[in-house]
$ cat coords_36.csv   # CSV, N, CA and C atoms
chain,number,residue,atom,x,y,z
F,25,MET,N,-10.6,111.4,255.4
F,25,MET,CA,-9.6,112.1,254.6
F,25,MET,C,-8.3,111.3,254.8
F,26,TYR,N,-7.6,111.0,253.7
F,26,TYR,CA,-6.3,110.3,253.7
F,26,TYR,C,-5.4,110.9,252.7
F,27,ALA,N,-4.1,110.6,252.9
F,27,ALA,CA,-3.1,111.1,252.0
F,27,ALA,C,-2.1,110.0,251.7
F,28,ILE,N,-1.5,110.0,250.5
F,28,ILE,CA,-0.4,109.2,250.1
F,28,ILE,C,0.9,110.0,250.3
F,29,VAL,N,1.8,109.6,251.2
F,29,VAL,CA,2.9,110.4,251.6
F,29,VAL,C,4.2,109.5,251.3
F,30,ASP,N,5.2,110.2,250.9
F,30,ASP,CA,6.5,109.6,250.6
F,30,ASP,C,7.4,109.8,251.9
F,31,ILE,N,7.8,108.7,252.5
F,31,ILE,CA,8.6,108.7,253.7
F,31,ILE,C,9.9,107.9,253.5
F,32,GLN,N,11.0,108.5,253.3
F,32,GLN,CA,12.3,107.9,253.1
F,32,GLN,C,12.2,106.9,251.9
F,33,GLY,N,11.6,107.4,250.8
F,33,GLY,CA,11.6,106.6,249.6
F,33,GLY,C,10.5,105.5,249.5
F,34,GLN,N,9.6,105.4,250.5
F,34,GLN,CA,8.5,104.5,250.5
F,34,GLN,C,7.2,105.3,250.6
F,35,GLN,N,6.2,104.8,249.9
F,35,GLN,CA,4.9,105.4,249.9
F,35,GLN,C,4.0,104.7,250.9
F,36,PHE,N,3.3,105.6,251.7
F,36,PHE,CA,2.4,105.1,252.8
F,36,PHE,C,1.0,105.8,252.6
F,37,LYS,N,0.0,105.1,253.0
F,37,LYS,CA,-1.4,105.7,253.1
F,37,LYS,C,-1.5,106.2,254.5
F,38,ALA,N,-1.7,107.5,254.7
F,38,ALA,CA,-1.8,108.1,256.0
F,38,ALA,C,-3.2,108.6,256.3
F,39,GLU,N,-3.8,108.0,257.3
F,39,GLU,CA,-5.1,108.5,257.8
F,39,GLU,C,-4.9,108.9,259.3
F,40,GLN,N,-5.7,109.8,259.8
F,40,GLN,CA,-5.6,110.3,261.1
F,40,GLN,C,-5.9,109.1,262.1
F,41,GLY,N,-5.0,108.9,263.1
F,41,GLY,CA,-5.2,107.9,264.1
F,41,GLY,C,-4.6,106.6,263.8
F,42,LYS,N,-4.1,106.4,262.5
F,42,LYS,CA,-3.5,105.1,262.1
F,42,LYS,C,-2.0,105.0,262.6
F,43,THR,N,-1.5,103.8,262.6
F,43,THR,CA,-0.1,103.6,263.0
F,43,THR,C,0.7,103.1,261.8
F,44,LEU,N,1.9,103.7,261.7
F,44,LEU,CA,2.8,103.3,260.6
F,44,LEU,C,4.1,102.8,261.2
F,45,PHE,N,4.7,101.8,260.5
F,45,PHE,CA,6.1,101.4,260.8
F,45,PHE,C,6.9,101.8,259.6
F,46,VAL,N,7.8,102.8,259.8
F,46,VAL,CA,8.6,103.3,258.7
F,46,VAL,C,10.1,102.9,259.0
F,47,HIS,N,11.0,103.0,258.0
F,47,HIS,CA,12.4,102.8,258.2
F,47,HIS,C,12.9,103.7,259.3
F,48,TYR,N,13.8,103.2,260.1
F,48,TYR,CA,14.4,103.8,261.3
F,48,TYR,C,14.8,105.3,261.0
F,49,LEU,N,14.3,106.2,261.7
F,49,LEU,CA,14.5,107.7,261.5
F,49,LEU,C,15.8,108.2,262.1
F,50,GLY,N,16.4,107.4,263.0
F,50,GLY,CA,17.7,107.9,263.6
F,50,GLY,C,17.6,108.1,265.1
F,51,ASP,N,18.7,108.3,265.7
F,51,ASP,CA,18.8,108.5,267.1
F,51,ASP,C,18.3,109.8,267.6
F,52,GLU,N,18.1,110.8,266.7
F,52,GLU,CA,17.7,112.2,267.1
F,52,GLU,C,16.2,112.2,267.5
F,53,LYS,N,15.4,111.2,267.0
F,53,LYS,CA,14.0,111.1,267.3
F,53,LYS,C,13.7,110.4,268.6
F,54,LYS,N,13.0,111.0,269.5
F,54,LYS,CA,12.6,110.4,270.8
F,54,LYS,C,11.1,110.1,270.8
F,55,ALA,N,10.7,109.3,271.8
F,55,ALA,CA,9.3,109.0,271.9
F,55,ALA,C,8.6,110.3,272.3
F,56,GLY,N,7.5,110.5,271.7
F,56,GLY,CA,6.7,111.7,271.9
F,56,GLY,C,7.0,112.9,271.0
F,57,ASP,N,8.1,112.8,270.3
F,57,ASP,CA,8.5,113.9,269.3
F,57,ASP,C,7.5,114.0,268.2
F,58,SER,N,7.3,115.2,267.7
F,58,SER,CA,6.4,115.4,266.5
F,58,SER,C,7.3,115.5,265.2
F,59,VAL,N,6.8,114.8,264.2
F,59,VAL,CA,7.5,114.7,262.9
F,59,VAL,C,6.6,115.2,261.8
F,60,GLU,N,7.0,116.0,260.9
F,60,GLU,CA,6.2,116.4,259.8
F,60,GLU,C,6.8,115.9,258.5
F,61,PHE,N,5.9,115.4,257.6
F,61,PHE,CA,6.4,115.0,256.2
F,61,PHE,C,5.6,115.8,255.2
F,62,ASP,N,6.3,116.5,254.3
F,62,ASP,CA,5.7,117.4,253.4
F,62,ASP,C,5.7,116.8,251.9
F,63,LYS,N,6.2,115.6,251.7
F,63,LYS,CA,6.2,115.0,250.4
F,63,LYS,C,4.9,114.3,250.2
F,64,VAL,N,3.8,115.0,250.1
F,64,VAL,CA,2.5,114.4,250.0
F,64,VAL,C,2.2,114.3,248.5
F,65,LEU,N,1.9,113.1,248.0
F,65,LEU,CA,1.7,112.8,246.6
F,65,LEU,C,0.3,112.9,246.2
F,66,LEU,N,-0.7,112.6,247.1
F,66,LEU,CA,-2.1,112.6,246.8
F,66,LEU,C,-2.9,112.9,248.1
F,67,VAL,N,-4.0,113.6,247.9
F,67,VAL,CA,-4.8,113.9,249.1
F,67,VAL,C,-6.3,113.6,248.6
F,68,ASP,N,-7.0,112.8,249.4
F,68,ASP,CA,-8.4,112.6,249.2
F,68,ASP,C,-9.2,113.1,250.4
F,69,ALA,N,-9.9,114.2,250.1
F,69,ALA,CA,-10.7,114.9,251.2
F,69,ALA,C,-12.2,114.6,250.8
F,70,ASP,N,-12.7,113.5,251.3
F,70,ASP,CA,-14.1,113.1,251.2
F,70,ASP,C,-14.5,113.1,249.7
F,71,GLY,N,-13.7,112.5,248.9
F,71,GLY,CA,-14.1,112.3,247.4
F,71,GLY,C,-13.4,113.4,246.5
F,72,ALA,N,-12.9,114.5,247.1
F,72,ALA,CA,-12.2,115.5,246.3
F,72,ALA,C,-10.7,115.1,246.3
F,73,VAL,N,-10.3,114.6,245.2
F,73,VAL,CA,-8.9,114.1,245.1
F,73,VAL,C,-8.0,115.1,244.5
F,74,LYS,N,-6.9,115.4,245.1
F,74,LYS,CA,-5.9,116.3,244.6
F,74,LYS,C,-4.6,115.4,244.4
F,75,VAL,N,-4.1,115.4,243.1
F,75,VAL,CA,-2.9,114.7,242.8
F,75,VAL,C,-1.8,115.7,242.5
F,76,GLY,N,-0.7,115.5,243.2
F,76,GLY,CA,0.4,116.4,243.0
F,76,GLY,C,1.3,116.1,241.8
F,77,ALA,N,2.0,117.1,241.4
F,77,ALA,CA,2.9,117.0,240.2
F,77,ALA,C,4.2,117.6,240.6
F,78,PRO,N,5.1,117.0,241.3
F,78,PRO,CA,5.1,115.7,241.9
F,78,PRO,C,4.4,115.7,243.3
F,79,THR,N,4.3,116.8,244.0
F,79,THR,CA,3.7,116.9,245.3
F,79,THR,C,2.6,117.9,245.4
F,80,VAL,N,1.7,117.7,246.3
F,80,VAL,CA,0.6,118.6,246.6
F,80,VAL,C,1.1,119.8,247.3
F,81,GLU,N,0.9,121.0,246.8
F,81,GLU,CA,1.4,122.3,247.5
F,81,GLU,C,0.6,122.5,248.8
F,82,GLY,N,1.4,122.8,249.9
F,82,GLY,CA,0.8,123.1,251.1
F,82,GLY,C,0.3,122.0,252.0
F,83,ALA,N,0.4,120.7,251.5
F,83,ALA,CA,-0.1,119.6,252.2
F,83,ALA,C,1.0,119.0,253.0
F,84,LYS,N,0.7,118.5,254.2
F,84,LYS,CA,1.7,117.8,255.0
F,84,LYS,C,1.0,116.9,256.0
F,85,VAL,N,1.8,115.9,256.5
F,85,VAL,CA,1.3,114.9,257.4
F,85,VAL,C,2.1,115.1,258.7
F,86,VAL,N,1.3,115.3,259.8
F,86,VAL,CA,2.0,115.5,261.2
F,86,VAL,C,1.8,114.2,261.9
F,87,CYS,N,3.0,113.6,262.4
F,87,CYS,CA,3.0,112.4,263.1
F,87,CYS,C,3.7,112.5,264.5
F,88,GLU,N,3.4,111.6,265.4
F,88,GLU,CA,4.1,111.5,266.7
F,88,GLU,C,4.8,110.2,266.7
F,89,VAL,N,6.0,110.3,267.2
F,89,VAL,CA,6.9,109.1,267.4
F,89,VAL,C,6.4,108.3,268.6
F,90,LYS,N,5.9,107.1,268.4
F,90,LYS,CA,5.4,106.3,269.5
F,90,LYS,C,6.6,105.5,270.1
F,91,THR,N,7.3,104.7,269.2
F,91,THR,CA,8.5,103.9,269.6
F,91,THR,C,9.6,104.2,268.6
F,92,PRO,N,10.7,104.8,269.1
F,92,PRO,CA,11.7,105.2,268.1
F,92,PRO,C,12.5,104.1,267.5
F,93,LEU,N,12.6,102.9,268.1
F,93,LEU,CA,13.3,101.8,267.5
F,93,LEU,C,12.5,100.5,267.8
F,94,VAL,N,12.0,99.9,266.7
F,94,VAL,CA,11.3,98.6,266.7
F,94,VAL,C,12.0,97.7,265.8
F,95,LYS,N,12.4,96.5,266.2
F,95,LYS,CA,13.1,95.5,265.4
F,95,LYS,C,12.0,94.6,264.7
F,96,GLY,N,12.2,94.4,263.4
F,96,GLY,CA,11.4,93.5,262.6
F,96,GLY,C,11.7,92.1,262.9
F,97,GLU,N,11.0,91.2,262.2
F,97,GLU,CA,11.2,89.8,262.4
F,97,GLU,C,12.6,89.4,261.9
F,98,HIS,N,13.1,88.3,262.4
F,98,HIS,CA,14.4,87.8,262.0
F,98,HIS,C,14.3,87.0,260.7
F,99,VAL,N,15.1,87.4,259.8
F,99,VAL,CA,15.2,86.8,258.4
F,99,VAL,C,16.5,86.1,258.3
F,100,ILE,N,16.5,84.8,257.9
F,100,ILE,CA,17.7,84.1,257.7
F,100,ILE,C,18.1,84.0,256.3
F,101,VAL,N,19.3,84.3,256.0
F,101,VAL,CA,19.9,84.3,254.6
F,101,VAL,C,20.9,83.1,254.6
F,102,PHE,N,20.6,82.1,253.8
F,102,PHE,CA,21.4,80.9,253.7
F,102,PHE,C,21.9,80.7,252.3
F,103,LYS,N,23.2,80.7,252.1
F,103,LYS,CA,23.7,80.5,250.8
F,103,LYS,C,24.5,79.2,250.7
F,104,LYS,N,24.4,78.4,249.7
F,104,LYS,CA,25.1,77.1,249.6
F,104,LYS,C,25.4,76.8,248.1
F,105,ARG,N,26.6,76.3,247.9
F,105,ARG,CA,26.9,75.8,246.5
F,105,ARG,C,27.1,74.3,246.7
F,106,ARG,N,26.3,73.5,246.0
F,106,ARG,CA,26.4,72.1,246.2
F,106,ARG,C,27.7,71.5,245.8
F,107,ARG,N,28.1,70.5,246.5
F,107,ARG,CA,29.3,69.7,246.3
F,107,ARG,C,30.6,70.6,246.3
F,108,LYS,N,30.6,71.8,246.9
F,108,LYS,CA,31.8,72.6,246.9
F,108,LYS,C,32.2,73.0,248.3
F,109,GLY,N,31.4,72.6,249.3
F,109,GLY,CA,31.8,72.9,250.7
F,109,GLY,C,31.6,74.3,251.1
F,110,TYR,N,30.7,75.0,250.3
F,110,TYR,CA,30.5,76.4,250.6
F,110,TYR,C,29.1,76.6,251.2
F,111,ARG,N,29.1,77.1,252.5
F,111,ARG,CA,27.9,77.4,253.2
F,111,ARG,C,28.0,78.7,254.0
F,112,ARG,N,27.1,79.6,253.9
F,112,ARG,CA,27.1,80.8,254.6
F,112,ARG,C,25.7,81.0,255.2
F,113,LEU,N,25.7,81.4,256.5
F,113,LEU,CA,24.5,81.6,257.2
F,113,LEU,C,24.5,83.0,257.8
F,114,ASN,N,23.6,83.9,257.4
F,114,ASN,CA,23.5,85.2,257.9
F,114,ASN,C,22.1,85.5,258.4
F,115,GLY,N,21.9,86.3,259.4
F,115,GLY,CA,20.6,86.7,259.8
F,115,GLY,C,20.5,88.3,259.7
F,116,HIS,N,19.2,88.7,259.7
F,116,HIS,CA,19.0,90.2,259.5
F,116,HIS,C,17.7,90.5,260.2
F,117,ARG,N,17.7,91.6,261.0
F,117,ARG,CA,16.5,92.2,261.6
F,117,ARG,C,16.5,93.7,261.2
F,118,GLN,N,15.4,94.0,260.4
F,118,GLN,CA,15.3,95.4,260.0
F,118,GLN,C,14.8,96.3,261.1
F,119,GLN,N,15.3,97.5,261.2
F,119,GLN,CA,15.0,98.5,262.2
F,119,GLN,C,13.9,99.4,261.7
F,120,PHE,N,12.8,99.6,262.5
F,120,PHE,CA,11.7,100.5,262.2
F,120,PHE,C,11.5,101.5,263.2
F,121,THR,N,10.7,102.6,262.9
F,121,THR,CA,10.2,103.5,263.8
F,121,THR,C,8.7,103.5,263.8
F,122,GLN,N,8.1,103.4,264.9
F,122,GLN,CA,6.6,103.4,265.0
F,122,GLN,C,6.1,104.8,265.1
F,123,LEU,N,5.2,105.2,264.2
F,123,LEU,CA,4.6,106.5,264.1
F,123,LEU,C,3.1,106.5,264.3
F,124,GLU,N,2.5,107.4,264.9
F,124,GLU,CA,1.0,107.6,264.9
F,124,GLU,C,0.7,108.9,264.2
F,125,ILE,N,-0.3,108.8,263.3
F,125,ILE,CA,-0.6,109.9,262.5
F,125,ILE,C,-1.6,110.8,263.3
F,126,LYS,N,-1.2,112.0,263.5
F,126,LYS,CA,-2.0,112.9,264.3
F,126,LYS,C,-2.9,113.8,263.4
F,127,GLU,N,-2.4,114.2,262.2
F,127,GLU,CA,-3.2,115.1,261.4
F,127,GLU,C,-2.7,115.1,260.0
F,128,VAL,N,-3.7,115.2,259.1
F,128,VAL,CA,-3.4,115.3,257.6
F,128,VAL,C,-3.9,116.7,257.2
F,129,ILE,N,-2.9,117.5,256.8
F,129,ILE,CA,-3.2,118.9,256.4
F,129,ILE,C,-3.2,119.0,254.9
F,130,ALA,N,-4.3,119.5,254.4
F,130,ALA,CA,-4.4,119.6,252.9
F,130,ALA,C,-4.6,121.0,252.5
$ encode --input "coords_36.csv" --output "structure tokens"
Amino acid sequence: MYAIVDIQGQQFKAEQGKTLFVHYLGDEKKAGDSVEFDKVLLVDADGAVKVGAPTVEGAKVVCEVKTPLVKGEHVIVFKKRRRKGYRRLNGHRQQFTQLEIKEVIA
């Protein structure tokens, strides 16, 4: 059984026991906390597919926060205009929250 769930504007395939890295959920979430997402767009229960319009009624995904703050890989943003003496160097590390899917309720 799996579900397609919308978490902070991104769609994820959620199966029980899998790990997801979603955009940072904030300081209020601690390791071990339980989080529920009810914006379930599709549920597949052993071949019986339910598609929501826009969401499936009564379906939700229950997750546990494993690591509240995980930093992604370092991305370098370099801008340059040739022959103008213009150079800018910026770096960025995206912040994620690691979730483990405990249950998919359909």
$ residues_around --input "coords_36.csv" --residues "Ala69 of chain F" --least-positions-apart "3" --cutoff "7 Å" --atoms "only N, CA and C atoms" --output "compact mmCIF listing (two decimals) with N, CA and C atoms, in the frame of the given file"
# COMPACT_ATOMS: atom_id res chain seq x y z
N MET F 25 -10.60 111.40 255.40
CA MET F 25 -9.60 112.10 254.60
C MET F 25 -8.30 111.30 254.80
N TYR F 26 -7.60 111.00 253.70
CA TYR F 26 -6.30 110.30 253.70
C TYR F 26 -5.40 110.90 252.70
N ALA F 72 -12.90 114.50 247.10
CA ALA F 72 -12.20 115.50 246.30
C ALA F 72 -10.70 115.10 246.30
N VAL F 73 -10.30 114.60 245.20
CA VAL F 73 -8.90 114.10 245.10
C VAL F 73 -8.00 115.10 244.50
N LYS F 74 -6.90 115.40 245.10
CA LYS F 74 -5.90 116.30 244.60
C LYS F 74 -4.60 115.40 244.40
$ select_by_dssp --input "coords_36.csv" --residues "segment 41-103 of chain F" --states "strand (DSSP E or B)" --output "MDAnalysis selection string"
chainID F and resid 43:47 58:61 64:69 72:75 84:103
$ residues_around --input "coords_36.csv" --residues "Lys126 of chain F" --least-positions-apart "6" --cutoff "6.5 Å" --atoms "all atoms listed in the file" --output "PyMOL selection string"
chain F and resi 39-42+86-88
$ closest_residue --input "coords_36.csv" --among "F:Gly82, F:Pro92, F:Gly33, F:Gly71" --to "Ala55 of chain F" --atoms "all atoms listed in the file"
F:Pro92
$ closest_residue --input "coords_36.csv" --among "F:Ile125, F:Ile31, F:Val101, F:Leu113" --to "Leu49 of chain F" --atoms "only C-alpha atoms"
F:Ile31
$ build_atoms --input "coords_36.csv" --residues "segment 103-114 of chain F" --atoms "all heavy atoms" --output "PDB file, keeping the file's coordinate frame"
ATOM      1  N   LYS F 103      23.200  80.700 252.100  1.00  0.00           N
ATOM      2  CA  LYS F 103      23.700  80.500 250.800  1.00  0.00           C
ATOM      3  C   LYS F 103      24.500  79.200 250.700  1.00  0.00           C
ATOM      4  O   LYS F 103      25.238  78.859 251.699  1.00  0.00           O
ATOM      5  CB  LYS F 103      24.675  81.617 250.373  1.00  0.00           C
ATOM      6  CG  LYS F 103      24.000  82.962 250.319  1.00  0.00           C
ATOM      7  CD  LYS F 103      24.989  84.033 249.972  1.00  0.00           C
ATOM      8  CE  LYS F 103      24.324  85.385 249.951  1.00  0.00           C
ATOM      9  NZ  LYS F 103      25.274  86.431 249.583  1.00  0.00           N
ATOM     10  N   LYS F 104      24.400  78.400 249.700  1.00  0.00           N
ATOM     11  CA  LYS F 104      25.100  77.100 249.600  1.00  0.00           C
ATOM     12  C   LYS F 104      25.400  76.800 248.100  1.00  0.00           C
ATOM     13  O   LYS F 104      24.545  77.075 247.230  1.00  0.00           O
ATOM     14  CB  LYS F 104      24.231  76.027 250.159  1.00  0.00           C
ATOM     15  CG  LYS F 104      24.844  74.637 250.050  1.00  0.00           C
ATOM     16  CD  LYS F 104      23.923  73.619 250.666  1.00  0.00           C
ATOM     17  CE  LYS F 104      24.318  72.239 250.261  1.00  0.00           C
ATOM     18  NZ  LYS F 104      25.240  71.562 251.081  1.00  0.00           N
ATOM     19  N   ARG F 105      26.600  76.300 247.900  1.00  0.00           N
ATOM     20  CA  ARG F 105      26.900  75.800 246.500  1.00  0.00           C
ATOM     21  C   ARG F 105      27.100  74.300 246.700  1.00  0.00           C
ATOM     22  O   ARG F 105      27.905  73.834 247.520  1.00  0.00           O
ATOM     23  CB  ARG F 105      28.250  76.369 246.039  1.00  0.00           C
ATOM     24  CG  ARG F 105      28.272  77.870 245.965  1.00  0.00           C
ATOM     25  CD  ARG F 105      27.681  78.359 244.670  1.00  0.00           C
ATOM     26  NE  ARG F 105      27.872  79.802 244.571  1.00  0.00           N
ATOM     27  CZ  ARG F 105      26.889  80.670 244.719  1.00  0.00           C
ATOM     28  NH1 ARG F 105      25.691  80.268 245.009  1.00  0.00           N
ATOM     29  NH2 ARG F 105      27.124  81.956 244.578  1.00  0.00           N
ATOM     30  N   ARG F 106      26.300  73.500 246.000  1.00  0.00           N
ATOM     31  CA  ARG F 106      26.400  72.100 246.200  1.00  0.00           C
ATOM     32  C   ARG F 106      27.700  71.500 245.800  1.00  0.00           C
ATOM     33  O   ARG F 106      28.304  71.924 244.778  1.00  0.00           O
ATOM     34  CB  ARG F 106      25.201  71.415 245.447  1.00  0.00           C
ATOM     35  CG  ARG F 106      25.231  71.584 243.968  1.00  0.00           C
ATOM     36  CD  ARG F 106      24.003  70.967 243.344  1.00  0.00           C
ATOM     37  NE  ARG F 106      24.143  70.978 241.891  1.00  0.00           N
ATOM     38  CZ  ARG F 106      23.462  70.214 241.104  1.00  0.00           C
ATOM     39  NH1 ARG F 106      22.579  69.365 241.603  1.00  0.00           N
ATOM     40  NH2 ARG F 106      23.631  70.275 239.806  1.00  0.00           N
ATOM     41  N   ARG F 107      28.100  70.500 246.500  1.00  0.00           N
ATOM     42  CA  ARG F 107      29.300  69.700 246.300  1.00  0.00           C
ATOM     43  C   ARG F 107      30.600  70.600 246.300  1.00  0.00           C
ATOM     44  O   ARG F 107      31.653  70.154 245.859  1.00  0.00           O
ATOM     45  CB  ARG F 107      29.259  68.985 244.952  1.00  0.00           C
ATOM     46  CG  ARG F 107      28.148  67.952 244.892  1.00  0.00           C
ATOM     47  CD  ARG F 107      28.207  67.145 243.619  1.00  0.00           C
ATOM     48  NE  ARG F 107      28.093  67.947 242.427  1.00  0.00           N
ATOM     49  CZ  ARG F 107      26.958  68.227 241.794  1.00  0.00           C
ATOM     50  NH1 ARG F 107      25.808  67.766 242.256  1.00  0.00           N
ATOM     51  NH2 ARG F 107      26.956  68.955 240.704  1.00  0.00           N
ATOM     52  N   LYS F 108      30.600  71.800 246.900  1.00  0.00           N
ATOM     53  CA  LYS F 108      31.800  72.600 246.900  1.00  0.00           C
ATOM     54  C   LYS F 108      32.200  73.000 248.300  1.00  0.00           C
ATOM     55  O   LYS F 108      33.213  73.614 248.529  1.00  0.00           O
ATOM     56  CB  LYS F 108      31.518  73.962 246.172  1.00  0.00           C
ATOM     57  CG  LYS F 108      31.049  73.817 244.743  1.00  0.00           C
ATOM     58  CD  LYS F 108      32.106  73.172 243.892  1.00  0.00           C
ATOM     59  CE  LYS F 108      31.608  73.061 242.463  1.00  0.00           C
ATOM     60  NZ  LYS F 108      32.387  72.115 241.675  1.00  0.00           N
ATOM     61  N   GLY F 109      31.400  72.600 249.300  1.00  0.00           N
ATOM     62  CA  GLY F 109      31.800  72.900 250.700  1.00  0.00           C
ATOM     63  C   GLY F 109      31.600  74.300 251.100  1.00  0.00           C
ATOM     64  O   GLY F 109      32.135  74.807 252.019  1.00  0.00           O
ATOM     65  N   TYR F 110      30.700  75.000 250.300  1.00  0.00           N
ATOM     66  CA  TYR F 110      30.500  76.400 250.600  1.00  0.00           C
ATOM     67  C   TYR F 110      29.100  76.600 251.200  1.00  0.00           C
ATOM     68  O   TYR F 110      28.070  76.226 250.667  1.00  0.00           O
ATOM     69  CB  TYR F 110      30.477  77.182 249.209  1.00  0.00           C
ATOM     70  CG  TYR F 110      30.115  78.635 249.293  1.00  0.00           C
ATOM     71  CD1 TYR F 110      31.058  79.597 249.626  1.00  0.00           C
ATOM     72  CD2 TYR F 110      28.824  79.072 249.022  1.00  0.00           C
ATOM     73  CE1 TYR F 110      30.724  80.929 249.698  1.00  0.00           C
ATOM     74  CE2 TYR F 110      28.481  80.396 249.089  1.00  0.00           C
ATOM     75  CZ  TYR F 110      29.432  81.329 249.430  1.00  0.00           C
ATOM     76  OH  TYR F 110      29.098  82.659 249.499  1.00  0.00           O
ATOM     77  N   ARG F 111      29.100  77.100 252.500  1.00  0.00           N
ATOM     78  CA  ARG F 111      27.900  77.400 253.200  1.00  0.00           C
ATOM     79  C   ARG F 111      28.000  78.700 254.000  1.00  0.00           C
ATOM     80  O   ARG F 111      29.053  78.873 254.638  1.00  0.00           O
ATOM     81  CB  ARG F 111      27.529  76.272 254.153  1.00  0.00           C
ATOM     82  CG  ARG F 111      27.170  75.009 253.450  1.00  0.00           C
ATOM     83  CD  ARG F 111      26.993  73.814 254.361  1.00  0.00           C
ATOM     84  NE  ARG F 111      26.791  74.115 255.758  1.00  0.00           N
ATOM     85  CZ  ARG F 111      26.120  73.329 256.588  1.00  0.00           C
ATOM     86  NH1 ARG F 111      25.572  72.230 256.154  1.00  0.00           N
ATOM     87  NH2 ARG F 111      25.999  73.639 257.840  1.00  0.00           N
ATOM     88  N   ARG F 112      27.100  79.600 253.900  1.00  0.00           N
ATOM     89  CA  ARG F 112      27.100  80.800 254.600  1.00  0.00           C
ATOM     90  C   ARG F 112      25.700  81.000 255.200  1.00  0.00           C
ATOM     91  O   ARG F 112      24.709  80.865 254.551  1.00  0.00           O
ATOM     92  CB  ARG F 112      27.385  82.051 253.694  1.00  0.00           C
ATOM     93  CG  ARG F 112      28.728  82.027 253.009  1.00  0.00           C
ATOM     94  CD  ARG F 112      29.861  82.213 254.009  1.00  0.00           C
ATOM     95  NE  ARG F 112      31.154  82.177 253.355  1.00  0.00           N
ATOM     96  CZ  ARG F 112      31.908  81.099 253.282  1.00  0.00           C
ATOM     97  NH1 ARG F 112      31.503  79.969 253.794  1.00  0.00           N
ATOM     98  NH2 ARG F 112      33.073  81.131 252.690  1.00  0.00           N
ATOM     99  N   LEU F 113      25.700  81.400 256.500  1.00  0.00           N
ATOM    100  CA  LEU F 113      24.500  81.600 257.200  1.00  0.00           C
ATOM    101  C   LEU F 113      24.500  83.000 257.800  1.00  0.00           C
ATOM    102  O   LEU F 113      25.386  83.304 258.618  1.00  0.00           O
ATOM    103  CB  LEU F 113      24.254  80.568 258.283  1.00  0.00           C
ATOM    104  CG  LEU F 113      22.978  80.688 259.109  1.00  0.00           C
ATOM    105  CD1 LEU F 113      21.763  80.433 258.229  1.00  0.00           C
ATOM    106  CD2 LEU F 113      22.998  79.711 260.253  1.00  0.00           C
ATOM    107  N   ASN F 114      23.600  83.900 257.400  1.00  0.00           N
ATOM    108  CA  ASN F 114      23.500  85.200 257.900  1.00  0.00           C
ATOM    109  C   ASN F 114      22.100  85.500 258.400  1.00  0.00           C
ATOM    110  O   ASN F 114      21.122  84.917 257.851  1.00  0.00           O
ATOM    111  CB  ASN F 114      23.852  86.281 256.885  1.00  0.00           C
ATOM    112  CG  ASN F 114      25.327  86.341 256.611  1.00  0.00           C
ATOM    113  OD1 ASN F 114      26.118  86.250 257.525  1.00  0.00           O
ATOM    114  ND2 ASN F 114      25.686  86.473 255.348  1.00  0.00           N
TER     115      ASN F 114
END
